[in-house]
Amino acid sequence: PRGTSLDELHALVLRRHAHLAQAIASRHWFHPWVFELESVTGETVPPSDAVLPWVAGLATAFDLFPEALRRAGDAAREPLALLYLHFDPEDLEVADDLRELIDSIEPPDSVAEAVEQLVRATLLLADALQGPPARARAPRK
């Protein structure tokens, strides 16, 4: 509504971004915001439906900033396949070159497994986009 300040919302978004950036940089587990969905008809909802909003947001970011994926090159193939397997194949014309890899991945059996794949793929993408984190060397004796 008019006159409403978005400062609090903006601060919360920035706080979440900082939390995710720190978790990804330090290779710690993070909890993506996903929702276990319930069917109104009583049918089982596929686990992919729970993570699809996260994956769609990431795909949108790559559409807006395609240079990031170009820089990552082949190192991004596996994590992208892990993420893009959640899309309907008909919606994936940009991932045609990943189709064979996507088809070789077993879809998750549960929301927990889908979330685990999402976090793993996100960390792999961070490595592909930024390089793996520097490892501390043991001191010489």
# chains A, B, ... in the order shown; residues from 1 in each chain; ligands from 1
$ closest_atom_pairs --of "segment 89-112 of chain A" --to "segment 45-64 of chain A" --cutoff "12 Å" --atoms "only C-alpha atoms" --output "JSON lines"
{"residue": "A:Asp91", "atom": "CA", "partner": "A:Ala56", "partner_atom": "CA", "distance": 11.0}
{"residue": "A:Leu92", "atom": "CA", "partner": "A:Ala59", "partner_atom": "CA", "distance": 10.4}
{"residue": "A:Val94", "atom": "CA", "partner": "A:Asp63", "partner_atom": "CA", "distance": 9.5}
{"residue": "A:Ala95", "atom": "CA", "partner": "A:Ala59", "partner_atom": "CA", "distance": 10.5}
{"residue": "A:Glu106", "atom": "CA", "partner": "A:Ser48", "partner_atom": "CA", "distance": 11.9}
{"residue": "A:Pro107", "atom": "CA", "partner": "A:Ser48", "partner_atom": "CA", "distance": 8.1}
{"residue": "A:Pro108", "atom": "CA", "partner": "A:Pro47", "partner_atom": "CA", "distance": 6.7}
{"residue": "A:Asp109", "atom": "CA", "partner": "A:Pro47", "partner_atom": "CA", "distance": 6.8}
{"residue": "A:Ser110", "atom": "CA", "partner": "A:Pro47", "partner_atom": "CA", "distance": 5.4}
{"residue": "A:Val111", "atom": "CA", "partner": "A:Pro47", "partner_atom": "CA", "distance": 4.6}
{"residue": "A:Ala112", "atom": "CA", "partner": "A:Pro47", "partner_atom": "CA", "distance": 8.2}
$ write_last_selection --atoms "N, CA and C atoms" --output "PDB file, in the first residue's frame"
ATOM      1  N   ASP A  91       9.879 -27.687 -21.001  1.00  0.00           N
ATOM      2  CA  ASP A  91      10.206 -26.308 -20.631  1.00  0.00           C
ATOM      3  C   ASP A  91      11.700 -26.033 -20.666  1.00  0.00           C
ATOM      4  N   LEU A  92      12.487 -26.974 -21.177  1.00  0.00           N
ATOM      5  CA  LEU A  92      13.940 -26.876 -21.067  1.00  0.00           C
ATOM      6  C   LEU A  92      14.668 -26.727 -22.387  1.00  0.00           C
ATOM      7  N   VAL A  94      16.579 -24.452 -23.249  1.00  0.00           N
ATOM      8  CA  VAL A  94      17.943 -23.955 -23.001  1.00  0.00           C
ATOM      9  C   VAL A  94      18.863 -25.053 -22.495  1.00  0.00           C
ATOM     10  N   ALA A  95      18.301 -26.146 -22.059  1.00  0.00           N
ATOM     11  CA  ALA A  95      19.119 -27.218 -21.495  1.00  0.00           C
ATOM     12  C   ALA A  95      19.173 -28.444 -22.395  1.00  0.00           C
ATOM     13  N   GLU A 106      18.756 -40.154 -11.382  1.00  0.00           N
ATOM     14  CA  GLU A 106      17.550 -40.701 -10.748  1.00  0.00           C
ATOM     15  C   GLU A 106      16.831 -39.570 -10.007  1.00  0.00           C
ATOM     16  N   PRO A 107      15.553 -39.339 -10.295  1.00  0.00           N
ATOM     17  CA  PRO A 107      14.817 -38.288  -9.579  1.00  0.00           C
ATOM     18  C   PRO A 107      14.741 -38.600  -8.079  1.00  0.00           C
ATOM     19  N   PRO A 108      14.685 -37.585  -7.246  1.00  0.00           N
ATOM     20  CA  PRO A 108      14.622 -37.816  -5.799  1.00  0.00           C
ATOM     21  C   PRO A 108      13.317 -38.511  -5.404  1.00  0.00           C
ATOM     22  N   ASP A 109      13.425 -39.338  -4.364  1.00  0.00           N
ATOM     23  CA  ASP A 109      12.249 -40.069  -3.866  1.00  0.00           C
ATOM     24  C   ASP A 109      11.491 -39.307  -2.792  1.00  0.00           C
ATOM     25  N   SER A 110      12.140 -38.293  -2.209  1.00  0.00           N
ATOM     26  CA  SER A 110      11.516 -37.559  -1.109  1.00  0.00           C
ATOM     27  C   SER A 110      11.909 -36.089  -1.193  1.00  0.00           C
ATOM     28  N   VAL A 111      11.191 -35.257  -0.460  1.00  0.00           N
ATOM     29  CA  VAL A 111      11.528 -33.839  -0.406  1.00  0.00           C
ATOM     30  C   VAL A 111      12.912 -33.674   0.224  1.00  0.00           C
ATOM     31  N   ALA A 112      13.219 -34.456   1.248  1.00  0.00           N
ATOM     32  CA  ALA A 112      14.533 -34.370   1.889  1.00  0.00           C
ATOM     33  C   ALA A 112      15.653 -34.652   0.891  1.00  0.00           C
TER      34      ALA A 112
END
$ closest_atom_pairs --of "segment 38-127 of chain A" --to "segment 6-21 of chain A" --cutoff "12 Å" --atoms "only C-alpha atoms" --output "CSV"
residue,atom,partner,partner_atom,distance
A:Val119,CA,A:Leu20,CA,10.7
A:Thr122,CA,A:Leu20,CA,10.4
A:Leu123,CA,A:Ala21,CA,10.5
A:Ala126,CA,A:Ala21,CA,9.8
$ write_last_selection --atoms "N, CA, C and O atoms" --output "short mmCIF file (atom, residue, chain, number, x, y, z; two decimals), in the first residue's frame"
data_model
loop_
_atom_site.label_atom_id
_atom_site.label_comp_id
_atom_site.auth_asym_id
_atom_site.auth_seq_id
_atom_site.Cartn_x
_atom_site.Cartn_y
_atom_site.Cartn_z
N VAL A 119 21.02 -28.44 -2.43
CA VAL A 119 22.15 -27.85 -1.70
C VAL A 119 23.47 -28.30 -2.33
O VAL A 119 24.37 -27.49 -2.56
N THR A 122 24.01 -26.48 -5.55
CA THR A 122 24.34 -25.08 -5.31
C THR A 122 25.81 -24.93 -4.94
O THR A 122 26.50 -24.03 -5.43
N LEU A 123 26.32 -25.81 -4.09
CA LEU A 123 27.73 -25.76 -3.71
C LEU A 123 28.63 -26.08 -4.90
O LEU A 123 29.67 -25.45 -5.10
N ALA A 126 28.72 -23.05 -7.06
CA ALA A 126 29.60 -22.03 -6.48
C ALA A 126 31.05 -22.33 -6.85
O ALA A 126 31.81 -21.43 -7.22
#
$ atom_distance --atom1 "atom CA of Ala114 of chain A" --atom2 "atom CA of Arg70 of chain A"
26.0 Å
$ atom_distance --atom1 "atom CA of Leu101 of chain A" --atom2 "atom CA of Glu78 of chain A"
7.6 Å
